[in-house]
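Taking it in order: structure first as structure tokens, then the write-up.
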Amino acid sequence: MSRLELTSQVLITSQIEETIKALEALQSDERIVKIVKEDNFLVEDAALAIEKAYLASEEITVIILAARLFSPVVQNKLLKVIEEPPPNKEFILITPSKATILATIRSRLPIHVLSDTASHEALGLDVSQLSLETVYPFVQEHKRTAANEMKRS
């Protein structure tokens, strides 16, 4: 996670909790406000974020908003405060998919796709030595693998 800073941005990662912990580790004299949702970020959550943004503060306040999904309605509600944040306010949106972020938000905040370390299962097939002789037994062994089992790999 090399691009982590306590500045306004969008972070794309499936490891939301780990990313928040890494951001908190960067904290020096900033105040961090977190609004984290497991699934959808709601309009009420956006209203709370806006309320927190307009609280007067001499110190820099980093408002971390994290969820699997930010609906267009929620993003439009946040747009004005993200476009013109109050003094000493920074917004960090964290979500697993760049596609869920509206173009208007993407044009106003830098987007950083964090490389998530995915665990890879050994397939028992040497990709560098592919031939019909090595692929055929592999296909025969895995031809009855259920579709949902294949997606897991």
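In the structure tokens, the first chain shown is A, the next is B, and so on; residue numbers restart at 1 for each chain, and ligands run from 1 in the order shown.
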Problem set entry | Non-local contacts of Leu93 of chain A (8 Å; only C-alpha atoms; under 3 positions in same chain excluded) as an MDAnalysis selection string | chainID A and resid 9:11 64:66
Resulting file, chosen residues, all heavy atoms, as a compact mmCIF listing (two decimals), in the first residue's frame:
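The result, written out as result_1.txt:
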# COMPACT_ATOMS: atom_id res chain seq x y z
N GLN A 9 -8.93 11.72 -1.50
CA GLN A 9 -8.68 10.75 -2.57
C GLN A 9 -9.72 9.65 -2.51
O GLN A 9 -10.48 9.54 -1.55
CB GLN A 9 -7.28 10.15 -2.41
CG GLN A 9 -7.09 9.41 -1.09
CD GLN A 9 -5.67 8.92 -0.91
OE1 GLN A 9 -5.11 8.32 -1.81
NE2 GLN A 9 -5.09 9.17 0.25
N VAL A 10 -9.73 8.83 -3.56
CA VAL A 10 -10.53 7.61 -3.59
C VAL A 10 -9.55 6.45 -3.62
O VAL A 10 -8.63 6.43 -4.44
CB VAL A 10 -11.45 7.55 -4.83
CG1 VAL A 10 -12.22 6.23 -4.87
CG2 VAL A 10 -12.43 8.73 -4.84
N LEU A 11 -9.74 5.51 -2.71
CA LEU A 11 -8.89 4.31 -2.67
C LEU A 11 -9.73 3.11 -3.08
O LEU A 11 -10.80 2.88 -2.51
CB LEU A 11 -8.32 4.10 -1.27
CG LEU A 11 -7.42 5.21 -0.74
CD1 LEU A 11 -7.03 4.95 0.71
CD2 LEU A 11 -6.17 5.36 -1.62
N ILE A 64 -12.98 9.60 6.70
CA ILE A 64 -12.85 8.36 5.93
C ILE A 64 -14.25 7.77 5.75
O ILE A 64 -14.93 7.47 6.74
CB ILE A 64 -11.92 7.35 6.63
CG1 ILE A 64 -10.51 7.93 6.77
CG2 ILE A 64 -11.90 6.03 5.89
CD1 ILE A 64 -9.55 7.08 7.57
N LEU A 65 -14.66 7.62 4.50
CA LEU A 65 -15.95 7.04 4.17
C LEU A 65 -15.68 5.73 3.44
O LEU A 65 -15.04 5.73 2.40
CB LEU A 65 -16.75 7.99 3.27
CG LEU A 65 -16.84 9.44 3.74
CD1 LEU A 65 -17.57 10.29 2.71
CD2 LEU A 65 -17.52 9.52 5.09
N ALA A 66 -16.16 4.62 4.00
CA ALA A 66 -15.85 3.32 3.41
C ALA A 66 -17.10 2.46 3.33
O ALA A 66 -17.89 2.39 4.27
CB ALA A 66 -14.78 2.61 4.24
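Relative to atom CA of His112 of chain A, atom CA of Lys98 of chain A is found at 9.3 Å.
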For this session: Write out as a PyMOL selection string all residues of segment 5-81 of chain A that backbone DSSP assigns to alpha helix (DSSP H).
Result: chain A and resi 16-25+43-53+72-81
Filtering to C-alpha atoms, could you give me those residues as a PDB file, in the first residue's frame?
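So out38.pdb came out as:
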ATOM      1  CA  ILE A  16     -11.158  -1.997   3.509  1.00  0.00           C
ATOM      2  CA  GLU A  17     -10.415  -2.669   7.184  1.00  0.00           C
ATOM      3  CA  GLU A  18      -6.687  -3.172   6.586  1.00  0.00           C
ATOM      4  CA  THR A  19      -6.548   0.037   4.540  1.00  0.00           C
ATOM      5  CA  ILE A  20      -8.244   2.008   7.315  1.00  0.00           C
ATOM      6  CA  LYS A  21      -5.730   0.650   9.843  1.00  0.00           C
ATOM      7  CA  ALA A  22      -2.865   1.636   7.540  1.00  0.00           C
ATOM      8  CA  LEU A  23      -4.329   5.154   7.199  1.00  0.00           C
ATOM      9  CA  GLU A  24      -4.700   5.438  10.979  1.00  0.00           C
ATOM     10  CA  ALA A  25      -1.033   4.494  11.335  1.00  0.00           C
ATOM     11  CA  VAL A  43     -28.050   8.820   2.533  1.00  0.00           C
ATOM     12  CA  GLU A  44     -28.106   9.158   6.343  1.00  0.00           C
ATOM     13  CA  ASP A  45     -24.404   8.277   6.417  1.00  0.00           C
ATOM     14  CA  ALA A  46     -23.707  10.955   3.796  1.00  0.00           C
ATOM     15  CA  ALA A  47     -25.645  13.490   5.882  1.00  0.00           C
ATOM     16  CA  LEU A  48     -23.541  12.566   8.929  1.00  0.00           C
ATOM     17  CA  ALA A  49     -20.324  12.968   6.903  1.00  0.00           C
ATOM     18  CA  ILE A  50     -21.438  16.419   5.736  1.00  0.00           C
ATOM     19  CA  GLU A  51     -22.332  17.385   9.297  1.00  0.00           C
ATOM     20  CA  LYS A  52     -18.886  16.277  10.513  1.00  0.00           C
ATOM     21  CA  ALA A  53     -17.239  18.236   7.687  1.00  0.00           C
ATOM     22  CA  PRO A  72     -25.311   7.652  -7.172  1.00  0.00           C
ATOM     23  CA  VAL A  73     -27.748   9.424  -4.830  1.00  0.00           C
ATOM     24  CA  VAL A  74     -25.233   9.260  -1.953  1.00  0.00           C
ATOM     25  CA  GLN A  75     -22.364  10.427  -4.151  1.00  0.00           C
ATOM     26  CA  ASN A  76     -24.388  13.351  -5.474  1.00  0.00           C
ATOM     27  CA  LYS A  77     -25.202  14.307  -1.891  1.00  0.00           C
ATOM     28  CA  LEU A  78     -21.470  14.277  -1.048  1.00  0.00           C
ATOM     29  CA  LEU A  79     -20.397  16.039  -4.239  1.00  0.00           C
ATOM     30  CA  LYS A  80     -20.593  19.663  -3.061  1.00  0.00           C
ATOM     31  CA  VAL A  81     -18.630  19.063   0.150  1.00  0.00           C
TER      32      VAL A  81
END
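From atom CA of Asn40 of chain A back to atom CA of Leu69 of chain A, the distance works out to 4.8 Å.
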Any idea what's packed within 9 Å of Leu6 of chain A, counting only C-alpha atoms, ignoring anything in its chain fewer than 5 positions away? Could you give it as a PDB file with all heavy atoms, in the first residue's frame?
ATOM      1  N   LEU A  23      -4.134   3.699   7.188  1.00  0.00           N
ATOM      2  CA  LEU A  23      -4.329   5.154   7.199  1.00  0.00           C
ATOM      3  C   LEU A  23      -4.196   5.702   8.622  1.00  0.00           C
ATOM      4  O   LEU A  23      -3.570   6.739   8.845  1.00  0.00           O
ATOM      5  CB  LEU A  23      -5.694   5.521   6.612  1.00  0.00           C
ATOM      6  CG  LEU A  23      -5.832   5.367   5.099  1.00  0.00           C
ATOM      7  CD1 LEU A  23      -7.299   5.446   4.697  1.00  0.00           C
ATOM      8  CD2 LEU A  23      -5.010   6.422   4.375  1.00  0.00           C
ATOM      9  N   GLU A  24      -4.781   5.001   9.576  1.00  0.00           N
ATOM     10  CA  GLU A  24      -4.700   5.438  10.979  1.00  0.00           C
ATOM     11  C   GLU A  24      -3.251   5.451  11.463  1.00  0.00           C
ATOM     12  O   GLU A  24      -2.871   6.295  12.272  1.00  0.00           O
ATOM     13  CB  GLU A  24      -5.556   4.534  11.873  1.00  0.00           C
ATOM     14  CG  GLU A  24      -7.039   4.746  11.672  1.00  0.00           C
ATOM     15  CD  GLU A  24      -7.894   3.772  12.462  1.00  0.00           C
ATOM     16  OE1 GLU A  24      -7.522   2.579  12.589  1.00  0.00           O
ATOM     17  OE2 GLU A  24      -8.939   4.195  12.952  1.00  0.00           O
ATOM     18  N   LEU A  26      -0.803   6.414   9.836  1.00  0.00           N
ATOM     19  CA  LEU A  26      -0.162   7.626   9.311  1.00  0.00           C
ATOM     20  C   LEU A  26      -0.521   8.873  10.114  1.00  0.00           C
ATOM     21  O   LEU A  26       0.046   9.933   9.892  1.00  0.00           O
ATOM     22  CB  LEU A  26      -0.594   7.851   7.849  1.00  0.00           C
ATOM     23  CG  LEU A  26      -0.226   6.756   6.858  1.00  0.00           C
ATOM     24  CD1 LEU A  26      -0.857   7.061   5.504  1.00  0.00           C
ATOM     25  CD2 LEU A  26       1.276   6.624   6.735  1.00  0.00           C
ATOM     26  N   GLN A  27      -1.459   8.733  11.028  1.00  0.00           N
ATOM     27  CA  GLN A  27      -1.969   9.879  11.784  1.00  0.00           C
ATOM     28  C   GLN A  27      -0.890  10.492  12.662  1.00  0.00           C
ATOM     29  O   GLN A  27      -0.189   9.796  13.384  1.00  0.00           O
ATOM     30  CB  GLN A  27      -3.148   9.408  12.653  1.00  0.00           C
ATOM     31  CG  GLN A  27      -3.822  10.492  13.428  1.00  0.00           C
ATOM     32  CD  GLN A  27      -5.006   9.943  14.224  1.00  0.00           C
ATOM     33  OE1 GLN A  27      -5.207   8.736  14.325  1.00  0.00           O
ATOM     34  NE2 GLN A  27      -5.793  10.830  14.790  1.00  0.00           N
ATOM     35  N   GLU A  30      -3.522  14.963  12.926  1.00  0.00           N
ATOM     36  CA  GLU A  30      -4.838  15.033  12.303  1.00  0.00           C
ATOM     37  C   GLU A  30      -5.879  14.312  13.167  1.00  0.00           C
ATOM     38  O   GLU A  30      -5.560  13.404  13.908  1.00  0.00           O
ATOM     39  CB  GLU A  30      -4.845  14.362  10.915  1.00  0.00           C
ATOM     40  CG  GLU A  30      -3.817  14.861   9.946  1.00  0.00           C
ATOM     41  CD  GLU A  30      -2.488  14.127  10.053  1.00  0.00           C
ATOM     42  OE1 GLU A  30      -2.325  13.279  10.961  1.00  0.00           O
ATOM     43  OE2 GLU A  30      -1.607  14.429   9.249  1.00  0.00           O
ATOM     44  N   VAL A  62      -9.573  14.367   8.837  1.00  0.00           N
ATOM     45  CA  VAL A  62      -9.646  13.432   7.715  1.00  0.00           C
ATOM     46  C   VAL A  62     -10.901  12.594   7.914  1.00  0.00           C
ATOM     47  O   VAL A  62     -11.037  11.892   8.915  1.00  0.00           O
ATOM     48  CB  VAL A  62      -8.395  12.530   7.655  1.00  0.00           C
ATOM     49  CG1 VAL A  62      -8.492  11.545   6.500  1.00  0.00           C
ATOM     50  CG2 VAL A  62      -7.133  13.374   7.556  1.00  0.00           C
ATOM     51  N   GLU A  90     -10.346  16.844   4.827  1.00  0.00           N
ATOM     52  CA  GLU A  90      -9.914  15.943   3.768  1.00  0.00           C
ATOM     53  C   GLU A  90     -10.889  14.767   3.734  1.00  0.00           C
ATOM     54  O   GLU A  90     -11.330  14.293   4.787  1.00  0.00           O
ATOM     55  CB  GLU A  90      -8.495  15.414   4.027  1.00  0.00           C
ATOM     56  CG  GLU A  90      -7.429  16.481   4.158  1.00  0.00           C
ATOM     57  CD  GLU A  90      -7.044  17.132   2.843  1.00  0.00           C
ATOM     58  OE1 GLU A  90      -7.329  16.556   1.768  1.00  0.00           O
ATOM     59  OE2 GLU A  90      -6.454  18.220   2.887  1.00  0.00           O
ATOM     60  N   PHE A  91     -11.232  14.302   2.541  1.00  0.00           N
ATOM     61  CA  PHE A  91     -12.141  13.166   2.388  1.00  0.00           C
ATOM     62  C   PHE A  91     -11.426  12.018   1.712  1.00  0.00           C
ATOM     63  O   PHE A  91     -10.799  12.194   0.666  1.00  0.00           O
ATOM     64  CB  PHE A  91     -13.351  13.553   1.528  1.00  0.00           C
ATOM     65  CG  PHE A  91     -14.359  14.367   2.260  1.00  0.00           C
ATOM     66  CD1 PHE A  91     -14.270  15.743   2.263  1.00  0.00           C
ATOM     67  CD2 PHE A  91     -15.391  13.759   2.950  1.00  0.00           C
ATOM     68  CE1 PHE A  91     -15.188  16.508   2.949  1.00  0.00           C
ATOM     69  CE2 PHE A  91     -16.317  14.519   3.633  1.00  0.00           C
ATOM     70  CZ  PHE A  91     -16.215  15.899   3.633  1.00  0.00           C
ATOM     71  N   ILE A  92     -11.542  10.843   2.308  1.00  0.00           N
ATOM     72  CA  ILE A  92     -11.012   9.627   1.697  1.00  0.00           C
ATOM     73  C   ILE A  92     -12.169   8.647   1.550  1.00  0.00           C
ATOM     74  O   ILE A  92     -12.787   8.259   2.537  1.00  0.00           O
ATOM     75  CB  ILE A  92      -9.881   9.006   2.544  1.00  0.00           C
ATOM     76  CG1 ILE A  92      -8.726   9.997   2.698  1.00  0.00           C
ATOM     77  CG2 ILE A  92      -9.414   7.694   1.918  1.00  0.00           C
ATOM     78  CD1 ILE A  92      -7.605   9.521   3.606  1.00  0.00           C
TER      79      ILE A  92
END
Exercise. Which of these residues is nearest to Asp29 of chain A, using only C-alpha atoms: A:Thr61, A:Ser97, A:Thr13, A:Ser8?
Worked result: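 Nearest candidate to Asp29 of chain A out of A:Thr61, A:Ser97, A:Thr13, A:Ser8: A:Thr61.
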For this session: Quote the spacing between atom CA of Arg31 of chain A and atom CA of Ile101 of chain A in Å to one decimal place.
Result: 25.3 Å
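Between Val36 of chain A and the candidates A:Leu55, A:Ile60, A:Val127, A:Ala67, the tightest atom-to-atom separation, counting only C-alpha atoms, involves A:Ala67.
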